[in-house]
Each structure stands twice: as C-alpha cells, then as structure tokens.
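Undergrad: Below is the file upload_3.cif, which contains mmCIF, C-alpha atoms.
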```cif
data_final
#
loop_
_atom_site.label_atom_id
_atom_site.label_comp_id
_atom_site.auth_asym_id
_atom_site.auth_seq_id
_atom_site.Cartn_x
_atom_site.Cartn_y
_atom_site.Cartn_z
CA MET A 201 28.53 33.40 -12.98
CA ALA A 202 26.30 30.56 -11.87
CA SER A 203 24.69 30.24 -15.31
CA ARG A 204 28.09 29.72 -16.90
CA GLN A 205 28.63 26.68 -14.70
CA ILE A 206 25.45 25.04 -15.90
CA ARG A 207 26.15 22.75 -18.79
CA ALA A 208 23.63 22.96 -21.61
CA PRO A 209 23.57 21.10 -24.93
CA GLY A 210 24.44 24.28 -26.87
CA SER A 211 23.20 27.83 -27.05
CA LYS A 212 20.87 27.11 -29.98
CA PRO A 213 18.07 24.60 -30.30
CA GLY A 214 19.39 21.42 -31.89
CA GLU A 215 18.67 21.14 -35.57
CA ASN A 216 17.10 17.73 -35.03
CA MET A 217 14.50 19.07 -32.58
CA LEU A 218 11.06 19.05 -34.15
CA TRP A 219 10.49 22.63 -33.03
CA GLY A 220 14.04 23.78 -33.77
CA GLY A 221 13.17 25.46 -37.05
CA ARG A 222 10.97 28.02 -35.32
CA PHE A 223 13.80 29.68 -33.40
CA THR A 224 16.86 31.57 -34.56
CA GLY A 225 18.02 32.76 -31.14
CA GLY A 226 19.67 30.70 -28.45
CA LEU A 227 18.39 29.36 -25.14
CA ASP A 228 19.77 30.73 -21.90
CA PRO A 229 21.88 27.93 -20.39
CA LEU A 230 19.94 28.14 -17.12
CA MET A 231 16.62 27.77 -18.95
CA ALA A 232 17.99 24.92 -21.02
CA SER A 233 18.98 23.10 -17.86
CA TYR A 234 15.71 24.01 -16.11
CA ASN A 235 13.75 22.65 -19.06
CA GLU A 236 15.63 19.38 -19.45
CA SER A 237 14.21 16.12 -18.18
CA ILE A 238 16.54 13.67 -19.88
CA TYR A 239 18.31 12.84 -16.62
CA TYR A 240 15.16 11.08 -15.39
CA ASP A 241 13.39 10.42 -18.71
CA CYS A 242 16.25 8.02 -19.45
CA LYS A 243 14.55 5.54 -17.12
CA PHE A 244 11.94 5.11 -19.84
CA TYR A 245 14.47 3.96 -22.46
CA ALA A 246 13.16 0.37 -22.66
CA GLN A 247 9.52 1.49 -22.89
CA ASP A 248 10.44 4.15 -25.45
CA ILE A 249 12.13 1.57 -27.67
CA ARG A 250 9.14 -0.78 -27.42
CA GLY A 251 6.77 2.02 -28.32
CA SER A 252 8.95 3.06 -31.27
CA ILE A 253 9.06 -0.52 -32.58
CA ALA A 254 5.27 -0.77 -32.40
CA TRP A 255 4.95 2.61 -34.13
CA ALA A 256 7.44 1.68 -36.85
CA ARG A 257 5.60 -1.58 -37.51
CA ALA A 258 2.31 0.28 -37.81
CA ASN A 259 3.94 2.76 -40.19
CA LEU A 260 5.43 -0.05 -42.24
CA LYS A 261 2.00 -1.49 -42.85
CA LEU A 262 0.94 1.82 -44.41
CA ARG A 263 4.09 2.58 -46.40
CA GLN A 264 7.45 0.95 -46.97
CA LEU A 265 10.13 2.91 -45.12
CA GLY A 266 12.79 1.91 -47.64
CA GLU A 267 16.33 0.94 -47.00
CA THR A 268 17.54 4.47 -46.37
CA ILE A 269 19.61 5.52 -43.38
CA GLY A 270 20.13 8.53 -41.15
CA LYS A 271 17.57 11.29 -40.78
CA GLU A 272 15.14 9.91 -43.34
CA ILE A 273 14.53 6.75 -41.32
CA GLY A 274 14.27 8.82 -38.15
CA GLY A 275 11.89 11.23 -39.80
CA LYS A 276 9.65 8.48 -41.08
CA LEU A 277 9.71 6.79 -37.69
CA HIS A 278 8.22 9.96 -36.25
CA THR A 279 5.50 10.18 -38.91
CA GLY A 280 2.29 11.31 -37.24
CA ARG A 281 3.65 10.76 -33.73
CA SER A 282 3.79 13.46 -31.10
CA ARG A 283 6.36 13.53 -28.36
CA LYS A 284 3.46 14.12 -25.99
CA GLU A 285 1.75 10.80 -26.77
CA GLN A 286 5.13 9.08 -26.80
CA VAL A 287 5.90 10.23 -23.24
CA ALA A 288 2.39 9.39 -22.06
CA THR A 289 2.81 5.90 -23.51
CA ASP A 290 6.23 5.46 -21.91
CA ILE A 291 4.92 6.48 -18.50
CA ARG A 292 1.98 4.07 -18.69
CA LEU A 293 4.18 1.18 -19.82
CA TRP A 294 6.76 1.83 -17.10
CA LEU A 295 4.18 2.28 -14.34
CA ARG A 296 2.22 -0.81 -15.39
CA ASP A 297 5.35 -2.96 -15.28
CA GLU A 298 6.43 -1.56 -11.90
CA LEU A 299 2.98 -2.02 -10.36
CA ARG A 300 2.94 -5.63 -11.49
CA LYS A 301 6.26 -6.12 -9.68
CA ILE A 302 4.75 -4.52 -6.58
CA GLU A 303 1.75 -6.82 -6.91
CA THR A 304 4.09 -9.84 -6.65
CA ILE A 305 5.93 -8.30 -3.68
CA LEU A 306 2.64 -7.62 -1.91
CA VAL A 307 1.55 -11.23 -2.42
CA ASP A 308 4.79 -12.37 -0.75
CA PHE A 309 4.05 -10.08 2.20
CA LEU A 310 0.53 -11.48 2.56
CA LYS A 311 1.92 -15.01 2.43
CA VAL A 312 4.19 -14.22 5.38
CA ILE A 313 1.20 -12.96 7.37
CA THR A 314 -0.74 -16.10 6.49
CA SER A 315 2.11 -18.45 7.36
CA ARG A 316 2.82 -16.88 10.74
CA ALA A 317 -0.85 -16.64 11.64
CA GLU A 318 -1.28 -20.33 10.94
CA ALA A 319 1.89 -21.44 12.76
CA GLU A 320 1.39 -19.25 15.85
CA ILE A 321 -2.35 -19.58 16.38
CA ASP A 322 -1.98 -20.89 19.95
CA TYR A 323 -0.39 -17.73 21.37
CA ILE A 324 -2.66 -15.41 23.33
CA MET A 325 -1.74 -11.79 24.00
CA PRO A 326 -3.37 -8.59 25.26
CA GLY A 327 -5.44 -6.74 22.70
CA TYR A 328 -5.08 -2.96 22.92
CA THR A 329 -7.50 -0.06 22.64
CA HIS A 330 -6.30 3.52 23.19
CA LEU A 331 -2.84 2.02 23.86
CA GLN A 332 -4.31 0.27 26.90
CA ARG A 333 -4.54 -3.48 27.32
CA ALA A 334 -8.18 -4.37 26.93
CA GLN A 335 -9.11 -7.99 26.07
CA PRO A 336 -7.28 -11.23 25.34
CA ILE A 337 -6.82 -12.02 21.64
CA ARG A 338 -4.84 -14.48 19.61
CA TRP A 339 -1.55 -13.16 18.23
CA SER A 340 -2.73 -14.58 14.90
CA HIS A 341 -5.89 -12.50 15.11
CA TRP A 342 -3.82 -9.33 15.41
CA MET A 343 -1.75 -10.26 12.35
CA LEU A 344 -4.87 -11.07 10.37
CA SER A 345 -6.38 -7.69 11.25
CA TYR A 346 -3.75 -6.25 8.90
CA ARG A 347 -4.53 -8.99 6.43
CA MET A 348 -7.81 -7.20 5.75
CA ALA A 349 -6.08 -3.87 5.19
CA PHE A 350 -3.38 -5.21 2.90
CA ALA A 351 -5.80 -7.49 1.04
CA SER A 352 -7.89 -4.40 0.26
CA ASP A 353 -4.70 -2.70 -0.95
CA PHE A 354 -4.04 -5.73 -3.14
CA TYR A 355 -7.48 -5.55 -4.78
CA ARG A 356 -7.22 -1.78 -5.22
CA LEU A 357 -3.83 -2.26 -6.87
CA GLN A 358 -5.27 -4.70 -9.38
CA GLU A 359 -8.06 -2.28 -10.21
CA GLY A 360 -5.54 0.54 -10.59
CA ILE A 361 -3.33 -1.46 -12.94
CA ALA A 362 -6.32 -1.97 -15.23
CA ARG A 363 -6.79 1.80 -15.51
CA VAL A 364 -3.08 2.40 -16.08
CA ASN A 365 -2.97 -0.21 -18.82
CA LEU A 366 -4.75 1.80 -21.54
CA SER A 367 -2.95 3.11 -24.60
CA PRO A 368 -2.68 6.77 -25.67
CA LEU A 369 -0.41 5.86 -28.61
CA GLY A 370 -1.83 7.19 -31.86
CA ALA A 371 -3.74 10.01 -30.20
CA GLY A 372 -1.33 12.63 -31.54
CA ALA A 373 -0.56 15.87 -29.79
CA LEU A 374 -4.16 16.98 -29.54
CA ALA A 375 -6.60 16.08 -32.29
CA GLY A 376 -5.65 12.52 -33.23
CA ASN A 377 -3.80 10.91 -36.13
CA CYS A 378 -4.44 11.49 -39.83
CA PHE A 379 -2.33 8.64 -41.23
CA GLY A 380 -4.78 5.83 -40.60
CA LEU A 381 -2.59 3.98 -38.11
CA ASP A 382 -4.08 0.92 -36.42
CA ARG A 383 -4.11 2.03 -32.78
CA GLN A 384 -5.62 -1.24 -31.61
CA ALA A 385 -2.82 -3.28 -33.17
CA MET A 386 -0.18 -1.09 -31.51
CA ALA A 387 -1.96 -1.37 -28.16
CA GLU A 388 -2.09 -5.15 -28.40
CA GLU A 389 1.59 -5.36 -29.34
CA LEU A 390 2.50 -3.34 -26.24
CA GLY A 391 0.26 -5.40 -23.97
CA PHE A 392 -2.34 -2.72 -23.30
CA ASP A 393 -5.86 -3.83 -22.43
CA GLY A 394 -7.52 -1.12 -24.51
CA LEU A 395 -7.38 2.39 -25.90
CA LEU A 396 -7.92 5.83 -24.46
CA MET A 397 -10.70 6.84 -26.81
CA ASN A 398 -10.43 10.63 -26.74
CA SER A 399 -7.18 12.16 -27.93
CA MET A 400 -7.59 15.38 -25.94
CA ALA A 401 -8.18 13.42 -22.75
CA GLY A 402 -5.71 10.61 -23.34
CA VAL A 403 -2.45 12.44 -23.98
CA PRO A 404 -2.39 14.90 -21.04
CA SER A 405 -4.05 12.67 -18.45
CA ARG A 406 -1.97 11.97 -15.36
CA ASP A 407 -4.91 10.79 -13.29
CA PHE A 408 -3.44 7.29 -13.43
CA VAL A 409 -0.24 8.57 -11.74
CA LEU A 410 -2.26 10.43 -9.13
CA GLU A 411 -4.43 7.37 -8.49
CA THR A 412 -1.31 5.25 -8.05
CA MET A 413 -0.06 7.72 -5.46
CA GLN A 414 -3.42 7.69 -3.70
CA TRP A 415 -3.19 3.93 -3.59
CA GLY A 416 0.38 4.12 -2.33
CA LYS A 417 -0.72 6.54 0.36
CA PHE A 418 -3.27 3.98 1.61
CA LEU A 419 -0.73 1.17 1.63
CA MET A 420 1.98 3.22 3.34
CA ASN A 421 -0.56 4.27 5.98
CA HIS A 422 -1.18 0.59 6.73
CA ILE A 423 2.55 -0.12 6.81
CA SER A 424 3.03 2.78 9.23
CA ARG A 425 0.31 1.45 11.51
CA ILE A 426 1.60 -2.12 11.63
CA ALA A 427 5.10 -0.72 12.29
CA GLU A 428 3.75 1.39 15.15
CA ASP A 429 1.97 -1.61 16.69
CA LEU A 430 5.15 -3.66 16.54
CA ILE A 431 7.14 -0.82 18.10
CA VAL A 432 4.62 -0.70 20.97
CA TYR A 433 4.72 -4.48 21.36
CA GLY A 434 8.50 -4.35 21.39
CA THR A 435 8.57 -1.82 24.22
CA SER A 436 6.03 -3.99 26.05
CA GLU A 437 8.43 -6.93 25.66
CA LEU A 438 5.84 -8.98 23.80
CA LEU A 439 8.51 -9.23 21.11
CA MET A 440 12.11 -10.19 21.66
CA PRO A 441 14.35 -7.11 21.48
CA GLN A 442 16.01 -6.73 18.07
CA LYS A 443 17.80 -3.49 17.25
CA LYS A 444 17.69 -4.00 13.48
CA ASN A 445 13.94 -4.61 13.51
CA SER A 446 13.40 -1.52 15.65
CA ASP A 447 15.35 0.64 13.20
CA SER A 448 13.45 -0.85 10.27
CA LEU A 449 10.08 -0.24 11.90
CA GLU A 450 10.87 3.35 12.72
CA LEU A 451 12.07 3.98 9.16
CA LEU A 452 8.92 2.39 7.75
CA ARG A 453 6.83 4.64 9.97
CA GLY A 454 8.91 7.66 8.97
CA LYS A 455 8.99 7.04 5.22
CA SER A 456 5.23 6.62 5.15
CA GLY A 457 5.01 10.40 5.46
CA ARG A 458 6.39 10.80 1.95
CA ALA A 459 3.45 9.13 0.22
CA PRO A 460 0.67 11.62 1.03
CA GLY A 461 3.06 14.50 0.42
CA GLN A 462 3.92 13.30 -3.06
CA MET A 463 0.27 12.68 -3.85
CA ALA A 464 -0.81 16.11 -2.61
CA GLY A 465 2.03 17.80 -4.49
CA LEU A 466 1.03 16.27 -7.81
CA MET A 467 -2.62 17.06 -7.18
CA MET A 468 -1.71 20.72 -6.68
CA THR A 469 0.31 20.65 -9.90
CA ILE A 470 -2.50 19.35 -12.09
CA LYS A 471 -5.60 20.80 -10.45
CA GLY A 472 -5.52 24.13 -12.31
CA LEU A 473 -4.26 23.01 -15.71
CA PRO A 474 -6.28 23.80 -18.83
CA SER A 475 -7.19 20.96 -21.17
CA THR A 476 -4.63 19.03 -23.22
CA TYR A 477 -0.90 18.93 -22.58
CA ASN A 478 0.96 21.48 -20.47
CA LYS A 479 4.64 21.50 -19.56
CA ASP A 480 3.66 21.34 -15.88
CA LEU A 481 3.02 17.63 -16.43
CA GLN A 482 6.76 17.09 -16.62
CA GLU A 483 6.60 17.44 -12.84
CA SER A 484 4.62 14.20 -12.52
CA VAL A 485 7.58 11.97 -13.35
CA GLU A 486 10.12 12.49 -10.56
CA PRO A 487 7.62 12.16 -7.67
CA MET A 488 6.18 9.06 -9.39
CA PHE A 489 9.62 7.43 -9.53
CA ASN A 490 10.29 8.22 -5.88
CA HIS A 491 6.82 7.15 -4.78
CA VAL A 492 6.96 3.79 -6.54
CA LYS A 493 10.44 3.06 -5.17
CA THR A 494 9.43 4.02 -1.63
CA VAL A 495 6.33 1.80 -1.73
CA SER A 496 8.18 -1.13 -3.28
CA ASP A 497 11.12 -0.92 -0.87
CA SER A 498 8.82 -0.52 2.13
CA ILE A 499 6.78 -3.63 1.35
CA GLN A 500 9.97 -5.65 0.95
CA ILE A 501 11.44 -4.33 4.21
CA ALA A 502 8.14 -5.01 6.03
CA THR A 503 8.17 -8.56 4.65
CA VAL A 504 11.67 -9.19 6.01
CA VAL A 505 10.81 -7.66 9.39
CA LEU A 506 7.65 -9.71 9.81
CA SER A 507 9.26 -12.95 8.64
CA THR A 508 12.23 -12.61 11.03
CA LEU A 509 10.34 -11.22 14.01
CA THR A 510 10.79 -13.23 17.22
CA ILE A 511 7.84 -13.19 19.58
CA ASN A 512 7.92 -13.88 23.31
CA PRO A 513 4.97 -16.21 24.09
CA GLU A 514 5.79 -16.40 27.80
CA LYS A 515 5.83 -12.64 28.11
CA MET A 516 2.57 -12.46 26.16
CA LYS A 517 0.98 -14.85 28.64
CA ALA A 518 2.41 -13.00 31.64
CA SER A 519 1.02 -9.73 30.29
CA LEU A 520 -2.55 -10.98 30.51
CA ASP A 521 -4.48 -9.54 33.43
CA PRO A 522 -7.78 -10.63 35.06
CA PHE A 523 -9.12 -7.09 34.58
CA MET A 524 -9.08 -7.86 30.84
CA LEU A 525 -11.89 -10.34 31.56
CA THR A 526 -14.27 -7.70 32.87
CA THR A 527 -16.20 -7.77 29.61
CA ASP A 528 -16.39 -11.55 29.89
CA LEU A 529 -18.00 -11.16 33.33
CA ALA A 530 -20.62 -8.84 31.83
CA ASP A 531 -21.24 -11.25 28.95
CA TYR A 532 -21.61 -14.08 31.45
CA LEU A 533 -24.40 -12.19 33.24
CA VAL A 534 -26.11 -11.27 29.95
CA LYS A 535 -26.25 -14.97 29.10
CA LYS A 536 -27.92 -15.47 32.48
CA GLY A 537 -30.64 -13.05 31.42
CA VAL A 538 -29.32 -9.87 33.04
CA PRO A 539 -29.96 -6.75 30.91
CA PHE A 540 -26.83 -5.63 29.09
CA ARG A 541 -26.53 -2.22 30.74
CA GLU A 542 -27.04 -3.69 34.21
CA ALA A 543 -24.53 -6.47 33.54
CA HIS A 544 -21.82 -3.95 32.69
CA HIS A 545 -22.59 -2.03 35.87
CA ILE A 546 -22.23 -5.20 37.94
CA SER A 547 -18.92 -6.13 36.27
CA GLY A 548 -17.70 -2.63 37.16
CA GLN A 549 -18.63 -3.31 40.78
CA CYS A 550 -16.50 -6.46 40.65
CA VAL A 551 -13.52 -4.41 39.45
CA ALA A 552 -14.12 -1.87 42.23
CA ALA A 553 -14.25 -4.65 44.84
CA SER A 554 -10.98 -6.09 43.54
CA GLU A 555 -9.25 -2.72 43.72
CA LYS A 556 -10.62 -2.07 47.22
CA THR A 557 -9.65 -5.45 48.67
CA LYS A 558 -6.37 -5.70 46.71
CA VAL A 559 -7.48 -9.20 45.67
CA SER A 560 -7.30 -10.11 41.99
CA MET A 561 -10.69 -11.11 40.57
CA ASP A 562 -9.40 -14.52 39.54
CA LYS A 563 -8.75 -15.15 43.23
CA PHE A 564 -12.34 -14.33 44.24
CA SER A 565 -14.48 -17.18 45.51
CA VAL A 566 -17.98 -17.84 44.24
CA ALA A 567 -19.23 -16.35 47.51
CA ASP A 568 -17.26 -13.15 46.85
CA PHE A 569 -19.01 -12.73 43.52
CA GLN A 570 -22.42 -13.56 44.99
CA LYS A 571 -21.98 -10.84 47.59
CA ILE A 572 -21.90 -8.41 44.67
CA ASP A 573 -24.79 -10.03 42.81
CA SER A 574 -26.68 -13.22 43.64
CA ARG A 575 -27.06 -14.14 39.99
CA PHE A 576 -23.45 -15.24 39.80
CA GLY A 577 -23.40 -19.03 39.80
CA ASP A 578 -20.84 -21.68 40.64
CA ASP A 579 -19.61 -21.60 37.03
CA VAL A 580 -18.42 -17.99 37.26
CA LEU A 581 -14.84 -19.02 38.04
CA ALA A 582 -14.55 -20.61 34.58
CA ILE A 583 -14.55 -17.07 33.20
CA PHE A 584 -10.97 -16.58 34.43
CA ASP A 585 -9.37 -18.67 31.74
CA TYR A 586 -7.82 -16.79 28.83
CA GLU A 587 -8.28 -19.64 26.38
CA HIS A 588 -11.95 -19.73 27.34
CA SER A 589 -12.12 -15.99 26.80
CA VAL A 590 -10.81 -16.00 23.23
CA GLU A 591 -12.89 -19.06 22.35
CA GLN A 592 -16.08 -17.22 23.33
CA ASP A 593 -15.68 -14.85 20.40
CA SER A 594 -16.55 -17.52 17.87
CA ALA A 595 -18.67 -15.50 15.47
CA GLN A 596 -17.19 -14.95 12.02
CA GLY A 597 -14.27 -12.56 12.22
CA GLY A 598 -13.66 -13.18 15.92
CA THR A 599 -10.56 -14.31 17.78
CA ALA A 600 -11.69 -17.89 18.47
CA ARG A 601 -9.57 -20.58 16.87
CA LYS A 602 -12.30 -21.59 14.43
CA SER A 603 -12.81 -17.99 13.31
CA VAL A 604 -9.08 -17.37 12.91
CA GLU A 605 -8.68 -20.57 10.89
CA GLU A 606 -11.54 -19.41 8.68
CA GLN A 607 -9.72 -16.10 8.08
CA ILE A 608 -6.53 -17.96 7.20
CA ALA A 609 -8.40 -20.17 4.74
CA MET A 610 -9.93 -17.12 3.07
CA LEU A 611 -6.51 -15.48 2.69
CA LYS A 612 -5.00 -18.67 1.27
CA LYS A 613 -7.81 -18.87 -1.25
CA MET A 614 -7.24 -15.25 -2.26
CA LEU A 615 -3.53 -15.88 -2.80
CA SER A 616 -3.93 -19.15 -4.69
#
```
Write the structure described by the file as structure tokens, please.
TA:
Amino acid sequence: MASRQIRAPGSKPGENMLWGGRFTGGLDPLMASYNESIYYDCKFYAQDIRGSIAWARANLKLRQLGETIGKEIGGKLHTGRSRKEQVATDIRLWLRDELRKIETILVDFLKVITSRAEAEIDYIMPGYTHLQRAQPIRWSHWMLSYRMAFASDFYRLQEGIARVNLSPLGAGALAGNCFGLDRQAMAEELGFDGLLMNSMAGVPSRDFVLETMQWGKFLMNHISRIAEDLIVYGTSELLMPQKKNSDSLELLRGKSGRAPGQMAGLMMTIKGLPSTYNKDLQESVEPMFNHVKTVSDSIQIATVVLSTLTINPEKMKASLDPFMLTTDLADYLVKKGVPFREAHHISGQCVAASEKTKVSMDKFSVADFQKIDSRFGDDVLAIFDYEHSVEQDSAQGGTARKSVEEQIAMLKKMLS
C-alpha cells in the first residue's frame, strides 16, 4: 500500500537514460524513489549548465555539432562524458563558490572582533580559568584570543578551497577520455586552478567534501566556545542582559554539535568503499548542503551577536578582586630575587592572612606584608592596581595595552 503512494517517474527506465537500453523490466516504485537524488541535485543546476557549456565548447573544437535539434544535439553533448565526472565537477564548482562566500563572511566576523577590540581596549575584566576568576585581563585581550582561533580557521579555509578547486572534468567514468578533449581548457573556462591527474582517483574522490566538514567542525567548535564564554559572562553580569543574544548564543552552541556528526557520518560512508565510483557517494551531497548552510548561518549569526553585544564596564570593574593579584605578589617577590617556588608560597601566606583576618589584601599596610616576609618593600602597595597588573604582562601576546595593540595591528594586516 505504501509503495503505491510513492510517486515514481514510471515503471520502466526512461528511454533517454544512458543505461535504459540494458533493462526490459520495470523498477519498483519504492526503489525508484529510494534511488532518486534529483530533489537535491537540482541545487547544482547552475554548475551543471556551466560544465555542459564548457564540455560542448570542447566538443565543438573537435567536431562540428551541426544545426540539428532534439536527441542528436543532446547525444553529441554527452560525447565521452560520464555522469560520474559531471556530478563530481558540479559538486566541486558548487562547494568552491559556497566556500568563497563563507570566506567573505568570516572576514566580516574577524573585522567585528578587530573593531571592538580596538574601541574597547580600556576595559579590564576578570580572566577565567576552570570557570573561576583568576587574573585581570583586558576585555580586548579576551576577544583577540578568539582572533587566533578564527584566523587559523580562515587560513585553513583558503588552503581547503585550493584543494576543492581542481577539475575532474574529462576523466570519464573510470579510465579517462578517448576523444582528445582539452581538459586544461575546460578547467580554465570553469575557473579551476588545475586538473585531477588520475581518472580513477579524480571521479570518485569525496575527500574534499570530508575535508570541508573537518574544517567546519573546527570552526563550529570555536563558535561554540565563544558562545559559551559569552553565556558565562552574561550570567556574571559582565554583559548587559539581552534575551535575543542569549537565545542566539545557546543555538550557536547547540548547532555546533551537528558539524562533527556530519563529518563522522560521511567518513563512515566512504571508509570502506572500493576504488572508483560507488553509489554510496550519493550520500555525500545532503550532509554537505546542510553542513555548509549551518556553518555559513552560524558565522553570520555570531557576527550579529558580537557586533550588537552591550558590555557592562562598571560591572567588569566591580568584579575584580584583590585575590586575583596573588600572582602579581609572587611576581613582585621574584623580581626582588626571591626564588619562584618560594615566592608563590609567600603569596599563598598573604592570601591565608587575608582570609584569617577578614581584611582584603589591598587594605594591608606595608607592615602587614612585612610581618609575613621582610622582603616586601614600601612599593608593594602599588601591586593592588588592576591597570598596573595588566600592564605588567607586556611580552608579545600579553594583555598589556602595547601587546594588545600589536595583536590588533597584525589582524588588520591579515584582513587588508
């Protein structure tokens, strides 16, 4: 009963199908439906037309097609071309074009990070480790920490596009093409950077789809992490409460789970395939479409969230705690010549004294510190300044203003 409800294009193979002449029986309607991919292959229509034009032009150089119409033109258009190489070409063209769009979107996202980091460099906030407030950092320094992750994604994307942008057209179904077509000319017309030089490897390869998904998995992992940080900062009131942003962040974190699943699914599909084309490869298309859309949409949503985010500088400042300067106390002693291990022990004693006396360390007098260790000098009280704290970390890559400005300049140069 169910099979009768499935609409199929007829009980017999169509007479125009290249393999139609081999069969005299009909296809079960369920199998016909199960086998069909036209409902998503139609997304390749523009790429398919471009490939056909390039193929027809290459054919025309070898022989005049004539001014005939109907099946003869169609038949000559298909001279020497396999559906397998045609689909492989369509997929590469479509994916290349989509990844170039994503490249532009990712640049916009990085520009938002750069712009906010530059404009909001003065704001100091708690830096977290293990979800605990640890040391003072610049808000800009936190944003730029993701700059490194997304910049790496950007470079990996460019490298991936180069491997996608190779042409299988003219490789035939398996062994190549016997009509002397100029594969290089067709590749250049379609904007490919080069050729896949082995026909058996070129036509069935979906490594480029899998690599794209691996790349997408990396990027979505970074999006999930920045979303999680912003969710934590929102609950800590370092950010102004915004319901829409909260929903967006949670969805970004949630949708990031799709990417590794799609990648792993495709890997399981292709890992046991014998050489050359197998029908299993049809299963690479739908997850690719979904993956690319999810990644593209997520970057755009993250860009909007980050560009409209409202921070709370006063709350950031109020969230700073003298205990966050414990490391600064240890560093102070190290600069006085105290061995590193001993300095950290002494700074721990200072924390213990503060907890015991219920007096915040920034309220200690010089004498209070010298009771713990005589090597504390009159300048120890200068430690309890959060601007001083972040400015100490002035080595390249640190949270000092000079270091943050250097990071911003590097990102601007990368994006120029």
Undergrad: Under the PyMOL selection byres ((chain A and resi 325-327) around 9), which residues of this model are included? Write them out as a PyMOL selection string.
TA: chain A and resi 323-324+328-329+332-339+342+438+513+515-521+524
Undergrad: Of the candidates A:Phe540, A:Phe569, A:Phe418, A:Phe489, which one gets nearest to Trp294 in chain A if we count all atoms listed in the file?
TA: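 Among the listed residues, A:Phe489 lies closest to Trp294 in chain A.
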Undergrad: Leaving out Ala258 in chain A and any residue of its chain fewer than 4 positions from it, which residues lie within 8 Å of it when counting all atoms listed in the file, given as a list in words?
TA: Ala254, Leu262, Leu381, Asp382, Ala385 and Met386 of chain A
Undergrad: Once the PyMOL selection byres ((chain A and resi 244) around 9) has been evaluated on this model, what residues remain selected, and can you format them as a PDB file with C-alpha atoms, in the frame of the given file?
TA:
```pdb
ATOM      1  CA  TYR A 240      15.160  11.080 -15.390  1.00  0.00           C
ATOM      2  CA  ASP A 241      13.390  10.420 -18.710  1.00  0.00           C
ATOM      3  CA  CYS A 242      16.250   8.020 -19.450  1.00  0.00           C
ATOM      4  CA  LYS A 243      14.550   5.540 -17.120  1.00  0.00           C
ATOM      5  CA  TYR A 245      14.470   3.960 -22.460  1.00  0.00           C
ATOM      6  CA  ALA A 246      13.160   0.370 -22.660  1.00  0.00           C
ATOM      7  CA  GLN A 247       9.520   1.490 -22.890  1.00  0.00           C
ATOM      8  CA  ASP A 248      10.440   4.150 -25.450  1.00  0.00           C
ATOM      9  CA  ILE A 249      12.130   1.570 -27.670  1.00  0.00           C
ATOM     10  CA  VAL A 287       5.900  10.230 -23.240  1.00  0.00           C
ATOM     11  CA  ASP A 290       6.230   5.460 -21.910  1.00  0.00           C
ATOM     12  CA  ILE A 291       4.920   6.480 -18.500  1.00  0.00           C
ATOM     13  CA  LEU A 293       4.180   1.180 -19.820  1.00  0.00           C
ATOM     14  CA  TRP A 294       6.760   1.830 -17.100  1.00  0.00           C
TER      15      TRP A 294
END
```
Undergrad: Spell out the residues picked by the PyMOL selection byres ((chain A and resi 496) around 10) here, as a count of residues only.
TA: 19
Undergrad: For range 582-601 of chain A, supply N, CA and C atoms and report the output as a short mmCIF file (atom, residue, chain, number, x, y, z; two decimals), keeping the file's coordinate frame.
TA:
```
data_model
loop_
_atom_site.label_atom_id
_atom_site.label_comp_id
_atom_site.auth_asym_id
_atom_site.auth_seq_id
_atom_site.Cartn_x
_atom_site.Cartn_y
_atom_site.Cartn_z
N ALA A 582 -15.04 -20.16 35.90
CA ALA A 582 -14.55 -20.61 34.58
C ALA A 582 -14.25 -19.44 33.66
N ILE A 583 -14.79 -18.27 34.01
CA ILE A 583 -14.55 -17.07 33.20
C ILE A 583 -13.05 -16.74 33.18
N PHE A 584 -12.35 -17.03 34.29
CA PHE A 584 -10.97 -16.58 34.43
C PHE A 584 -9.99 -17.59 33.82
N ASP A 585 -10.23 -17.81 32.55
CA ASP A 585 -9.37 -18.67 31.74
C ASP A 585 -9.23 -17.97 30.39
N TYR A 586 -8.01 -17.62 30.02
CA TYR A 586 -7.82 -16.79 28.83
C TYR A 586 -8.14 -17.54 27.54
N GLU A 587 -7.90 -18.83 27.55
CA GLU A 587 -8.28 -19.64 26.38
C GLU A 587 -9.79 -19.65 26.23
N HIS A 588 -10.48 -19.78 27.35
CA HIS A 588 -11.95 -19.73 27.34
C HIS A 588 -12.42 -18.38 26.82
N SER A 589 -11.72 -17.34 27.21
CA SER A 589 -12.12 -15.99 26.80
C SER A 589 -12.05 -15.82 25.29
N VAL A 590 -10.93 -16.20 24.68
CA VAL A 590 -10.81 -16.00 23.23
C VAL A 590 -11.74 -16.93 22.46
N GLU A 591 -12.03 -18.10 23.04
CA GLU A 591 -12.89 -19.06 22.35
C GLU A 591 -14.36 -18.63 22.38
N GLN A 592 -14.70 -17.72 23.31
CA GLN A 592 -16.08 -17.22 23.33
C GLN A 592 -16.42 -16.42 22.08
N ASP A 593 -15.43 -15.72 21.54
CA ASP A 593 -15.68 -14.85 20.40
C ASP A 593 -15.59 -15.65 19.11
N SER A 594 -16.59 -16.53 18.95
CA SER A 594 -16.55 -17.52 17.87
C SER A 594 -17.33 -17.11 16.63
N ALA A 595 -17.98 -15.95 16.66
CA ALA A 595 -18.67 -15.50 15.47
C ALA A 595 -17.65 -15.21 14.38
N GLN A 596 -18.10 -15.20 13.14
CA GLN A 596 -17.19 -14.95 12.02
C GLN A 596 -16.42 -13.65 12.24
N GLY A 597 -15.11 -13.75 12.04
CA GLY A 597 -14.27 -12.56 12.22
C GLY A 597 -13.75 -12.39 13.62
N GLY A 598 -14.10 -13.29 14.54
CA GLY A 598 -13.66 -13.18 15.92
C GLY A 598 -12.30 -13.81 16.15
N THR A 599 -11.90 -13.84 17.43
CA THR A 599 -10.56 -14.31 17.78
C THR A 599 -10.52 -15.77 18.21
N ALA A 600 -11.67 -16.45 18.17
CA ALA A 600 -11.69 -17.89 18.47
C ALA A 600 -10.90 -18.65 17.41
N ARG A 601 -10.39 -19.80 17.80
CA ARG A 601 -9.57 -20.58 16.87
C ARG A 601 -10.30 -20.85 15.55
#
```
